[in-house]
>>> print(open('coords_5.txt').read())   # compact mmCIF, C-alpha atoms and all ligand atoms
# COMPACT_ATOMS: atom_id res chain seq x y z
CA MET A 1 64.56 9.18 -13.52
CA SER A 2 64.50 9.56 -9.75
CA LEU A 3 61.61 11.41 -8.13
CA LYS A 4 63.93 14.26 -7.24
CA GLU A 5 64.95 14.63 -10.88
CA GLN A 6 61.30 14.92 -11.86
CA ILE A 7 60.93 18.14 -9.88
CA ASP A 8 60.93 21.30 -11.97
CA LEU A 9 63.35 23.47 -10.03
CA THR A 10 62.03 26.62 -11.72
CA LYS A 11 58.53 26.01 -10.30
CA LEU A 12 59.23 25.18 -6.69
CA PRO A 13 56.70 26.15 -4.04
CA LYS A 14 58.16 29.05 -2.04
CA HIS A 15 56.39 28.07 1.14
CA VAL A 16 55.45 24.51 2.09
CA ALA A 17 53.34 23.93 5.20
CA ILE A 18 52.94 20.45 6.69
CA ILE A 19 50.39 18.99 9.10
CA MET A 20 52.58 16.25 10.52
CA ASP A 21 49.93 13.72 11.48
CA GLY A 22 49.96 10.01 12.26
CA ASN A 23 52.65 9.52 14.89
CA GLY A 24 50.18 7.82 17.22
CA ARG A 25 48.86 5.45 14.53
CA TRP A 26 52.41 4.60 13.48
CA ALA A 27 53.18 3.51 17.05
CA LYS A 28 49.86 1.71 17.49
CA LYS A 29 50.49 -0.39 14.38
CA ARG A 30 53.66 -1.61 16.07
CA MET A 31 52.03 -2.05 19.51
CA LEU A 32 54.35 0.66 20.85
CA PRO A 33 53.50 3.59 23.12
CA ARG A 34 52.42 6.77 21.27
CA ILE A 35 55.50 8.66 22.40
CA ILE A 36 57.70 6.33 20.33
CA GLY A 37 55.69 7.52 17.34
CA HIS A 38 56.54 11.10 18.25
CA THR A 39 60.22 10.21 18.71
CA ASN A 40 60.27 8.78 15.20
CA GLY A 41 58.32 11.80 13.98
CA VAL A 42 61.21 14.01 15.11
CA LYS A 43 63.59 11.94 12.97
CA THR A 44 61.38 12.70 9.97
CA VAL A 45 61.40 16.40 10.87
CA LYS A 46 65.21 16.45 10.73
CA LYS A 47 65.27 14.69 7.36
CA ILE A 48 62.61 16.89 5.80
CA VAL A 49 64.15 20.14 7.05
CA GLU A 50 67.47 19.12 5.56
CA PHE A 51 65.87 18.11 2.27
CA ALA A 52 63.78 21.30 2.00
CA ARG A 53 66.93 23.36 2.52
CA LYS A 54 68.80 21.41 -0.16
CA LEU A 55 65.92 21.93 -2.57
CA ASN A 56 66.09 25.68 -1.91
CA ILE A 57 62.57 25.97 -0.59
CA GLN A 58 62.26 29.33 1.14
CA VAL A 59 59.85 28.60 3.97
CA LEU A 60 58.85 25.34 5.68
CA THR A 61 56.10 25.58 8.27
CA LEU A 62 55.62 22.49 10.42
CA TYR A 63 52.56 22.01 12.61
CA ALA A 64 54.09 20.49 15.73
CA PHE A 65 51.55 21.20 18.49
CA SER A 66 48.08 22.67 18.30
CA THR A 67 46.12 24.72 20.84
CA GLU A 68 43.85 21.65 21.09
CA ASN A 69 46.67 19.17 21.70
CA TRP A 70 46.85 20.21 25.39
CA GLN A 71 43.75 18.07 25.83
CA ARG A 72 45.77 14.89 25.31
CA PRO A 73 46.87 12.74 28.26
CA LYS A 74 49.34 14.57 30.50
CA ASP A 75 52.19 12.12 29.89
CA GLU A 76 51.85 12.43 26.12
CA VAL A 77 51.95 16.25 26.35
CA SER A 78 54.98 16.24 28.64
CA GLY A 79 56.68 13.66 26.41
CA ILE A 80 56.19 15.90 23.37
CA MET A 81 57.56 18.90 25.30
CA THR A 82 60.66 16.91 26.28
CA LEU A 83 61.19 15.92 22.65
CA LEU A 84 60.86 19.55 21.62
CA LYS A 85 63.48 20.62 24.14
CA THR A 86 65.90 17.92 23.02
CA TYR A 87 65.29 18.85 19.39
CA LEU A 88 66.05 22.53 20.01
CA LYS A 89 69.18 21.78 22.00
CA SER A 90 70.55 19.36 19.41
CA GLU A 91 69.57 21.31 16.29
CA LEU A 92 70.57 24.89 17.03
CA GLU A 93 74.17 24.36 15.99
CA ASN A 94 73.02 22.60 12.83
CA MET A 95 70.66 25.49 12.03
CA ILE A 96 73.46 28.02 12.38
CA GLU A 97 75.82 25.90 10.29
CA ASN A 98 73.23 25.56 7.54
CA GLN A 99 71.99 29.15 7.63
CA ILE A 100 68.49 28.08 8.70
CA SER A 101 66.38 30.87 10.15
CA PHE A 102 64.17 29.56 12.95
CA ARG A 103 60.77 31.07 13.71
CA VAL A 104 57.80 30.13 15.83
CA SER A 105 54.11 30.56 15.10
CA GLY A 106 51.92 30.25 18.17
CA ASP A 107 51.48 31.46 21.71
CA ILE A 108 54.58 30.20 23.46
CA SER A 109 53.71 31.89 26.76
CA ARG A 110 51.91 28.69 27.75
CA MET A 111 55.06 26.60 27.33
CA SER A 112 57.49 26.05 30.21
CA GLU A 113 60.02 28.81 30.98
CA ASP A 114 62.98 26.70 29.86
CA ILE A 115 61.38 25.85 26.52
CA GLN A 116 60.50 29.50 25.99
CA ALA A 117 64.14 30.38 26.65
CA GLU A 118 65.37 27.74 24.18
CA LEU A 119 62.93 28.97 21.54
CA LYS A 120 63.91 32.60 22.00
CA GLU A 121 67.59 31.71 21.83
CA ALA A 122 67.09 29.77 18.58
CA VAL A 123 65.03 32.58 17.02
CA ASP A 124 67.50 35.19 18.13
CA LYS A 125 70.67 33.39 17.04
CA THR A 126 69.31 32.51 13.60
CA LYS A 127 67.33 35.63 12.73
CA ASP A 128 69.75 36.82 10.05
CA MET A 129 70.26 33.43 8.46
CA LYS A 130 69.72 33.39 4.73
CA SER A 131 68.72 29.90 3.62
CA LEU A 132 65.53 28.08 4.68
CA VAL A 133 63.07 29.68 7.10
CA LEU A 134 61.95 26.92 9.46
CA ASN A 135 58.69 28.05 11.02
CA LEU A 136 57.53 25.76 13.81
CA ALA A 137 53.85 26.01 14.72
CA LEU A 138 53.74 25.47 18.48
CA ASN A 139 50.67 25.91 20.64
CA TYR A 140 49.32 27.19 17.37
CA GLY A 141 45.63 27.56 16.56
CA SER A 142 44.32 29.63 13.70
CA ARG A 143 41.30 30.91 15.59
CA GLN A 144 43.47 32.06 18.47
CA GLU A 145 45.78 33.75 15.93
CA ILE A 146 42.89 35.53 14.19
CA LEU A 147 41.49 36.81 17.49
CA MET A 148 44.96 37.96 18.48
CA ALA A 149 45.19 39.89 15.21
CA CYS A 150 41.79 41.50 15.82
CA ARG A 151 42.81 42.62 19.30
CA ASP A 152 46.11 43.88 17.96
CA LEU A 153 44.38 45.96 15.26
CA MET A 154 41.97 47.41 17.82
CA SER A 155 44.77 48.31 20.18
CA LYS A 156 46.53 50.12 17.33
CA GLY A 157 43.31 52.00 16.57
CA ILE A 158 43.06 50.49 13.08
CA THR A 159 39.29 50.33 12.58
CA ASN A 160 39.24 49.71 8.83
CA PRO A 161 42.10 47.24 8.23
CA THR A 162 43.30 46.12 4.82
CA GLU A 163 44.26 42.49 4.13
CA GLN A 164 47.87 43.58 4.49
CA ASP A 165 47.18 45.20 7.90
CA PHE A 166 45.59 41.96 9.02
CA SER A 167 48.38 39.73 7.70
CA ASP A 168 50.89 41.89 9.50
CA CYS A 169 49.25 41.00 12.82
CA LEU A 170 49.60 37.24 12.29
CA TYR A 171 52.49 35.07 13.48
CA THR A 172 53.42 34.58 9.83
CA LYS A 173 54.04 38.29 9.28
CA GLY A 174 56.47 38.84 6.41
CA LEU A 175 56.23 35.26 5.11
CA PRO A 176 54.58 34.48 1.77
CA ASP A 177 51.36 32.46 2.06
CA PRO A 178 51.91 28.70 1.71
CA ASP A 179 51.84 27.47 -1.90
CA LEU A 180 51.53 23.85 -0.85
CA LEU A 181 49.94 22.30 2.23
CA ILE A 182 50.76 18.66 2.91
CA ARG A 183 48.86 16.56 5.42
CA THR A 184 50.12 13.07 6.24
CA SER A 185 47.96 10.15 7.47
CA GLY A 186 45.02 10.68 5.19
CA GLU A 187 42.74 12.93 7.23
CA MET A 188 40.88 15.39 4.98
CA ARG A 189 40.77 18.29 7.39
CA ILE A 190 42.63 21.44 8.33
CA SER A 191 42.50 21.09 12.14
CA ASN A 192 42.73 24.82 12.89
CA PHE A 193 45.88 25.38 10.82
CA LEU A 194 46.63 28.63 8.96
CA LEU A 195 43.01 29.37 8.03
CA TRP A 196 43.74 32.86 6.76
CA GLN A 197 47.01 32.01 5.02
CA ILE A 198 45.81 28.98 3.01
CA ALA A 199 43.07 30.81 1.07
CA TYR A 200 44.73 29.82 -2.25
CA THR A 201 47.09 27.07 -1.13
CA GLU A 202 47.22 23.77 -3.02
CA ILE A 203 46.37 20.87 -0.69
CA TYR A 204 48.03 17.45 -0.87
CA VAL A 205 46.95 14.65 1.45
CA THR A 206 48.87 11.39 1.64
CA ASP A 207 48.04 8.22 3.57
CA VAL A 208 51.67 7.85 4.59
CA LEU A 209 52.08 8.28 8.36
CA TRP A 210 54.44 11.07 9.41
CA PRO A 211 57.24 8.82 10.79
CA ASP A 212 57.24 7.04 7.40
CA PHE A 213 57.26 10.27 5.38
CA ASN A 214 60.56 10.79 3.58
CA GLU A 215 62.35 12.58 0.74
CA ASP A 216 60.58 10.56 -1.96
CA GLU A 217 57.15 11.28 -0.44
CA PHE A 218 58.04 14.96 -0.28
CA CYS A 219 59.10 14.85 -3.95
CA LYS A 220 55.75 13.22 -4.85
CA ALA A 221 53.88 16.08 -3.17
CA ILE A 222 55.92 18.69 -5.03
CA ILE A 223 55.53 16.90 -8.37
CA ASP A 224 51.75 16.73 -7.82
CA TYR A 225 51.72 20.43 -6.88
CA GLN A 226 53.58 21.29 -10.08
CA LYS A 227 50.81 19.69 -12.16
CA ARG A 228 48.14 21.91 -10.62
CA ASP A 229 46.64 24.80 -12.55
CA ARG A 230 46.62 27.63 -10.01
CA ARG A 231 44.02 30.10 -11.18
CA PHE A 232 43.53 32.31 -8.12
CA GLY A 233 39.93 32.90 -9.17
CA LYS A 234 40.86 33.98 -12.70
CA VAL A 235 40.33 32.06 -15.95
C1 LIG B 301 50.77 14.15 15.07
O1 LIG B 301 50.54 12.82 15.31
C2 LIG B 301 51.59 14.80 16.16
C3 LIG B 301 50.85 15.74 17.02
C4 LIG B 301 49.61 16.10 16.86
C5 LIG B 301 51.60 16.30 18.16
P1 LIG B 301 49.32 12.33 16.20
O2 LIG B 301 49.79 12.17 17.60
O3 LIG B 301 48.14 13.20 16.03
O4 LIG B 301 49.04 10.90 15.57
P2 LIG B 301 47.65 10.19 15.35
O5 LIG B 301 46.78 11.14 14.58
O6 LIG B 301 47.09 9.90 16.69
O7 LIG B 301 47.98 8.96 14.58
C1 LIG B 302 46.90 18.33 13.87
O1 LIG B 302 46.84 16.99 14.17
C2 LIG B 302 47.89 19.00 14.78
C3 LIG B 302 49.29 18.69 14.56
C4 LIG B 302 49.76 17.96 13.59
C5 LIG B 302 50.20 19.30 15.49
P1 LIG B 302 45.78 16.40 15.20
O2 LIG B 302 45.99 14.94 15.23
O3 LIG B 302 45.86 17.12 16.48
O4 LIG B 302 44.40 16.78 14.50
P2 LIG B 302 43.00 16.05 14.51
O5 LIG B 302 42.71 15.72 15.95
O6 LIG B 302 43.15 14.83 13.68
O7 LIG B 302 42.06 17.03 13.91
MG MG B 303 46.55 13.13 14.79
>>> encode(input="coords_5.txt", output="structure tokens")
Amino acid sequence: MSLKEQIDLTKLPKHVAIIMDGNGRWAKKRMLPRIIGHTNGVKTVKKIVEFARKLNIQVLTLYAFSTENWQRPKDEVSGIMTLLKTYLKSELENMIENQISFRVSGDISRMSEDIQAELKEAVDKTKDMKSLVLNLALNYGSRQEILMACRDLMSKGITNPTEQDFSDCLYTKGLPDPDLLIRTSGEMRISNFLLWQIAYTEIYVTDVLWPDFNEDEFCKAIIDYQKRDRRFGKV
């Protein structure tokens, strides 16, 4: 039986979030510049988005750039931004064709004007699409998001917010919390990702580097997730 056939389609995670880590190490292993790792990482993104859509997963959140990643060397940051722009330009048509609804989590006001325009266009043109929600976390940091939510609540005069009020002030408003969080490259940490939203998320860490991640590795994560006993604090 193939790995895909081992997935129980009646127990799919609704929302899968991925910390796409290891592009730099992938390149280093091959004595290549880090940016080549990122270029190959984008290829994996395309494959995994397509596969998630085919599996009928509802939401896929991909951590593409953190609020801390600005502290990397300038040429790496600008290389990643160029890759992002190329990705958006080349994928918009594909998103529309495949009914993928594109969203962004993060403060995009720090990105260049042209990238902001590309992002807004993609969000706008795909907002009514009915298959996979592709949520790209860009200049995303959970602490920044939580502070933003606090300020938002204060500005609305909500002094005694409920969990729902708070969730509604996050970038992920309206999305279910992730059921499964995957981190590639073996690091056992969260790195400022979705701190509020992952309260009861199942975590799966693989040593596979992101450019090497593929459909089979994704299947393995889902199969592992389906063996978990999710108790949500009950018995
Ligand atoms: C993840 O790969 C991509 C981003 C954070 C943009 P890394 O670039 O962090 O790769 P490693 O961790 O150095 O291998
Ligand atoms: C997390 O990876 C951020 C993204 C995948 C975009 P990092 O490589 O930035 O995280 P650390 O430095 O290992 O915590
Ligand atoms: Mg890393």
>>> closest_atom_pairs(input="coords_5.txt", of="stretch 120-174 of chain A", to="stretch 44-56 of chain A", cutoff="8 Å", atoms="only C-alpha atoms", output="tab-separated table")
residue	atom	partner	partner_atom	distance
A:Ser131	CA	A:Arg53	CA	6.9
A:Leu132	CA	A:Arg53	CA	5.4
A:Leu134	CA	A:Val49	CA	7.5
>>> write_last_selection(input="coords_5.txt", atoms="C-alpha atoms", output="PDB file, keeping the file's coordinate frame")
ATOM      1  CA  SER A 131      68.720  29.900   3.620  1.00  0.00           C
ATOM      2  CA  LEU A 132      65.530  28.080   4.680  1.00  0.00           C
ATOM      3  CA  LEU A 134      61.950  26.920   9.460  1.00  0.00           C
TER       4      LEU A 134
END
>>> residues_near_ligand(input="coords_5.txt", ligand="ligand MG 303 (chain B)", cutoff="9 Å", atoms="all atoms listed in the file", output="list of chain:residue names")
A:Met20, A:Asp21, A:Gly22, A:Asn23, A:Gly24, A:Arg25, A:Ser185, A:Glu187
>>> closest_residue(input="coords_5.txt", among="A:Lys85, A:Arg230, A:Arg183, A:Lys28", to="A:Tyr63", atoms="only C-alpha atoms")
A:Arg183
>>> residues_near_ligand(input="coords_5.txt", ligand="ligand LIG 302 (chain B)", cutoff="12 Å", atoms="only C-alpha atoms and all ligand atoms", output="MDAnalysis selection string")
chainID A and resid 17:25 38 41 61:72 77 80 105:106 136:142 182:194 209:210
>>> atom_distance(input="coords_5.txt", atom1="atom CA of A:Met95", atom2="atom CA of A:Thr206")
28.0 Å
>>> closest_residue(input="coords_5.txt", among="A:Asp128, A:Lys234, A:Pro73, A:Ala122", to="A:Tyr87", atoms="all atoms listed in the file")
A:Ala122
>>> closest_residue(input="coords_5.txt", among="A:Leu195, A:Val208, A:Leu170, A:Val133", to="A:Leu60", atoms="only C-alpha atoms")
A:Val133
>>> atom_distance(input="coords_5.txt", atom1="atom CA of A:Glu5", atom2="atom CA of A:Lys220")
11.1 Å
>>> residues_around(input="coords_5.txt", residues="A:Val123", least_positions_apart="2", cutoff="12 Å", atoms="all atoms listed in the file", output="list in words")
Leu88, Leu92, Met95, Ile96, Ile100, Ser101, Phe102, Arg103, Val104, Ser105, Gln116, Ala117, Glu118, Leu119, Lys120, Glu121, Lys125, Thr126, Lys127, Asp128, Met129, Val133, Leu134, Asn135 and Leu136 of chain A
>>> atom_distance(input="coords_5.txt", atom1="atom CA of A:Pro13", atom2="atom CA of A:Ile146")
24.7 Å
>>> residues_around(input="coords_5.txt", residues="A:Met81", least_positions_apart="4", cutoff="9 Å", atoms="all atoms listed in the file", output="number ranges by chain")
A: 76-77, 85-86, 111-112, 115
>>> axis_aligned_box(input="coords_5.txt", around="ligand LIG 301 (chain B)", padding_each_side="3 Å", output="AutoDock Vina command-line options")
--center_x 49.2 --center_y 12.6 --center_z 16.4 --size_x 10.8 --size_y 13.3 --size_z 9.6
>>> closest_residue(input="coords_5.txt", among="A:Asp179, A:Asp124, A:Glu215, A:Asp207", to="ligand LIG 301 (chain B)", atoms="only C-alpha atoms and all ligand atoms")
A:Asp207
>>> closest_residue(input="coords_5.txt", among="A:Ala149, A:Trp26, A:Met31, A:Leu175", to="ligand LIG 301 (chain B)", atoms="all atoms listed in the file")
A:Trp26
>>> residues_around(input="coords_5.txt", residues="A:Val16", least_positions_apart="4", cutoff="6 Å", atoms="only C-alpha atoms", output="MDAnalysis selection string")
chainID A and resid 60 178 180:181
>>> closest_residue(input="coords_5.txt", among="A:Met148, A:Phe166, A:Asn160, A:Gly37", to="ligand LIG 301 (chain B)", atoms="all atoms listed in the file")
A:Gly37
>>> decode(input="coords_5.txt", residues="stretch 86-97 of chain A", atoms="all heavy atoms", output="PDB file, in the first residue's frame")
ATOM      1  N   THR A  86       8.582  36.460  -7.663  1.00  0.00           N
ATOM      2  CA  THR A  86       8.491  35.550  -8.806  1.00  0.00           C
ATOM      3  C   THR A  86       7.410  34.502  -8.553  1.00  0.00           C
ATOM      4  O   THR A  86       6.621  34.167  -9.440  1.00  0.00           O
ATOM      5  CB  THR A  86       9.846  34.832  -9.026  1.00  0.00           C
ATOM      6  OG1 THR A  86      10.887  35.787  -8.879  1.00  0.00           O
ATOM      7  CG2 THR A  86       9.915  34.191 -10.379  1.00  0.00           C
ATOM      8  N   TYR A  87       7.373  34.005  -7.322  1.00  0.00           N
ATOM      9  CA  TYR A  87       6.375  32.982  -6.973  1.00  0.00           C
ATOM     10  C   TYR A  87       4.966  33.530  -7.173  1.00  0.00           C
ATOM     11  O   TYR A  87       4.113  32.884  -7.791  1.00  0.00           O
ATOM     12  CB  TYR A  87       6.581  32.540  -5.518  1.00  0.00           C
ATOM     13  CG  TYR A  87       5.500  31.605  -5.021  1.00  0.00           C
ATOM     14  CD1 TYR A  87       5.524  30.248  -5.328  1.00  0.00           C
ATOM     15  CD2 TYR A  87       4.436  32.083  -4.256  1.00  0.00           C
ATOM     16  CE1 TYR A  87       4.524  29.394  -4.897  1.00  0.00           C
ATOM     17  CE2 TYR A  87       3.430  31.232  -3.815  1.00  0.00           C
ATOM     18  CZ  TYR A  87       3.471  29.887  -4.136  1.00  0.00           C
ATOM     19  OH  TYR A  87       2.479  29.049  -3.718  1.00  0.00           O
ATOM     20  N   LEU A  88       4.729  34.738  -6.660  1.00  0.00           N
ATOM     21  CA  LEU A  88       3.381  35.314  -6.754  1.00  0.00           C
ATOM     22  C   LEU A  88       2.985  35.530  -8.205  1.00  0.00           C
ATOM     23  O   LEU A  88       1.868  35.208  -8.614  1.00  0.00           O
ATOM     24  CB  LEU A  88       3.322  36.642  -5.990  1.00  0.00           C
ATOM     25  CG  LEU A  88       3.444  36.528  -4.465  1.00  0.00           C
ATOM     26  CD1 LEU A  88       3.668  37.900  -3.845  1.00  0.00           C
ATOM     27  CD2 LEU A  88       2.209  35.859  -3.862  1.00  0.00           C
ATOM     28  N   LYS A  89       3.921  36.072  -8.983  1.00  0.00           N
ATOM     29  CA  LYS A  89       3.635  36.330 -10.397  1.00  0.00           C
ATOM     30  C   LYS A  89       3.309  35.033 -11.128  1.00  0.00           C
ATOM     31  O   LYS A  89       2.383  34.976 -11.919  1.00  0.00           O
ATOM     32  CB  LYS A  89       4.857  36.982 -11.057  1.00  0.00           C
ATOM     33  CG  LYS A  89       4.882  38.494 -10.938  1.00  0.00           C
ATOM     34  CD  LYS A  89       5.923  39.044 -11.920  1.00  0.00           C
ATOM     35  CE  LYS A  89       6.312  40.473 -11.636  1.00  0.00           C
ATOM     36  NZ  LYS A  89       5.212  41.434 -11.689  1.00  0.00           N
ATOM     37  N   SER A  90       4.093  33.992 -10.867  1.00  0.00           N
ATOM     38  CA  SER A  90       3.912  32.759 -11.638  1.00  0.00           C
ATOM     39  C   SER A  90       2.741  31.914 -11.125  1.00  0.00           C
ATOM     40  O   SER A  90       2.188  31.116 -11.859  1.00  0.00           O
ATOM     41  CB  SER A  90       5.203  31.935 -11.647  1.00  0.00           C
ATOM     42  OG  SER A  90       5.405  31.347 -10.380  1.00  0.00           O
ATOM     43  N   GLU A  91       2.363  32.085  -9.869  1.00  0.00           N
ATOM     44  CA  GLU A  91       1.351  31.178  -9.302  1.00  0.00           C
ATOM     45  C   GLU A  91      -0.080  31.703  -9.299  1.00  0.00           C
ATOM     46  O   GLU A  91      -1.018  30.942  -9.116  1.00  0.00           O
ATOM     47  CB  GLU A  91       1.734  30.783  -7.870  1.00  0.00           C
ATOM     48  CG  GLU A  91       2.887  29.815  -7.781  1.00  0.00           C
ATOM     49  CD  GLU A  91       2.718  28.579  -8.653  1.00  0.00           C
ATOM     50  OE1 GLU A  91       1.815  27.767  -8.382  1.00  0.00           O
ATOM     51  OE2 GLU A  91       3.494  28.426  -9.619  1.00  0.00           O
ATOM     52  N   LEU A  92      -0.258  32.999  -9.490  1.00  0.00           N
ATOM     53  CA  LEU A  92      -1.611  33.553  -9.377  1.00  0.00           C
ATOM     54  C   LEU A  92      -2.605  32.855 -10.315  1.00  0.00           C
ATOM     55  O   LEU A  92      -3.695  32.447  -9.901  1.00  0.00           O
ATOM     56  CB  LEU A  92      -1.599  35.080  -9.615  1.00  0.00           C
ATOM     57  CG  LEU A  92      -2.955  35.770  -9.531  1.00  0.00           C
ATOM     58  CD1 LEU A  92      -3.660  35.478  -8.204  1.00  0.00           C
ATOM     59  CD2 LEU A  92      -2.813  37.282  -9.717  1.00  0.00           C
ATOM     60  N   GLU A  93      -2.179  32.692 -11.559  1.00  0.00           N
ATOM     61  CA  GLU A  93      -3.049  32.045 -12.541  1.00  0.00           C
ATOM     62  C   GLU A  93      -3.416  30.620 -12.090  1.00  0.00           C
ATOM     63  O   GLU A  93      -4.577  30.207 -12.146  1.00  0.00           O
ATOM     64  CB  GLU A  93      -2.309  31.971 -13.865  1.00  0.00           C
ATOM     65  CG  GLU A  93      -3.180  32.284 -15.060  1.00  0.00           C
ATOM     66  CD  GLU A  93      -2.313  32.412 -16.297  1.00  0.00           C
ATOM     67  OE1 GLU A  93      -1.499  33.359 -16.363  1.00  0.00           O
ATOM     68  OE2 GLU A  93      -2.427  31.536 -17.165  1.00  0.00           O
ATOM     69  N   ASN A  94      -2.394  29.927 -11.616  1.00  0.00           N
ATOM     70  CA  ASN A  94      -2.572  28.560 -11.123  1.00  0.00           C
ATOM     71  C   ASN A  94      -3.539  28.519  -9.929  1.00  0.00           C
ATOM     72  O   ASN A  94      -4.375  27.621  -9.807  1.00  0.00           O
ATOM     73  CB  ASN A  94      -1.193  28.010 -10.747  1.00  0.00           C
ATOM     74  CG  ASN A  94      -1.266  26.634 -10.125  1.00  0.00           C
ATOM     75  OD1 ASN A  94      -1.941  25.758 -10.651  1.00  0.00           O
ATOM     76  ND2 ASN A  94      -0.608  26.454  -8.993  1.00  0.00           N
ATOM     77  N   MET A  95      -3.429  29.519  -9.053  1.00  0.00           N
ATOM     78  CA  MET A  95      -4.331  29.579  -7.895  1.00  0.00           C
ATOM     79  C   MET A  95      -5.775  29.747  -8.360  1.00  0.00           C
ATOM     80  O   MET A  95      -6.675  29.077  -7.871  1.00  0.00           O
ATOM     81  CB  MET A  95      -3.955  30.747  -6.977  1.00  0.00           C
ATOM     82  CG  MET A  95      -2.680  30.553  -6.186  1.00  0.00           C
ATOM     83  SD  MET A  95      -2.391  32.004  -5.158  1.00  0.00           S
ATOM     84  CE  MET A  95      -0.624  31.981  -5.000  1.00  0.00           C
ATOM     85  N   ILE A  96      -5.961  30.647  -9.311  1.00  0.00           N
ATOM     86  CA  ILE A  96      -7.320  30.902  -9.806  1.00  0.00           C
ATOM     87  C   ILE A  96      -7.878  29.637 -10.473  1.00  0.00           C
ATOM     88  O   ILE A  96      -8.996  29.208 -10.192  1.00  0.00           O
ATOM     89  CB  ILE A  96      -7.328  32.110 -10.772  1.00  0.00           C
ATOM     90  CG1 ILE A  96      -6.968  33.383  -9.987  1.00  0.00           C
ATOM     91  CG2 ILE A  96      -8.684  32.256 -11.470  1.00  0.00           C
ATOM     92  CD1 ILE A  96      -6.701  34.609 -10.830  1.00  0.00           C
ATOM     93  N   GLU A  97      -7.044  29.026 -11.305  1.00  0.00           N
ATOM     94  CA  GLU A  97      -7.451  27.814 -12.009  1.00  0.00           C
ATOM     95  C   GLU A  97      -7.846  26.697 -11.034  1.00  0.00           C
ATOM     96  O   GLU A  97      -8.780  25.949 -11.275  1.00  0.00           O
ATOM     97  CB  GLU A  97      -6.260  27.346 -12.854  1.00  0.00           C
ATOM     98  CG  GLU A  97      -6.621  26.467 -14.014  1.00  0.00           C
ATOM     99  CD  GLU A  97      -5.396  26.318 -14.907  1.00  0.00           C
ATOM    100  OE1 GLU A  97      -4.881  27.361 -15.400  1.00  0.00           O
ATOM    101  OE2 GLU A  97      -4.940  25.177 -15.074  1.00  0.00           O
TER     102      GLU A  97
END
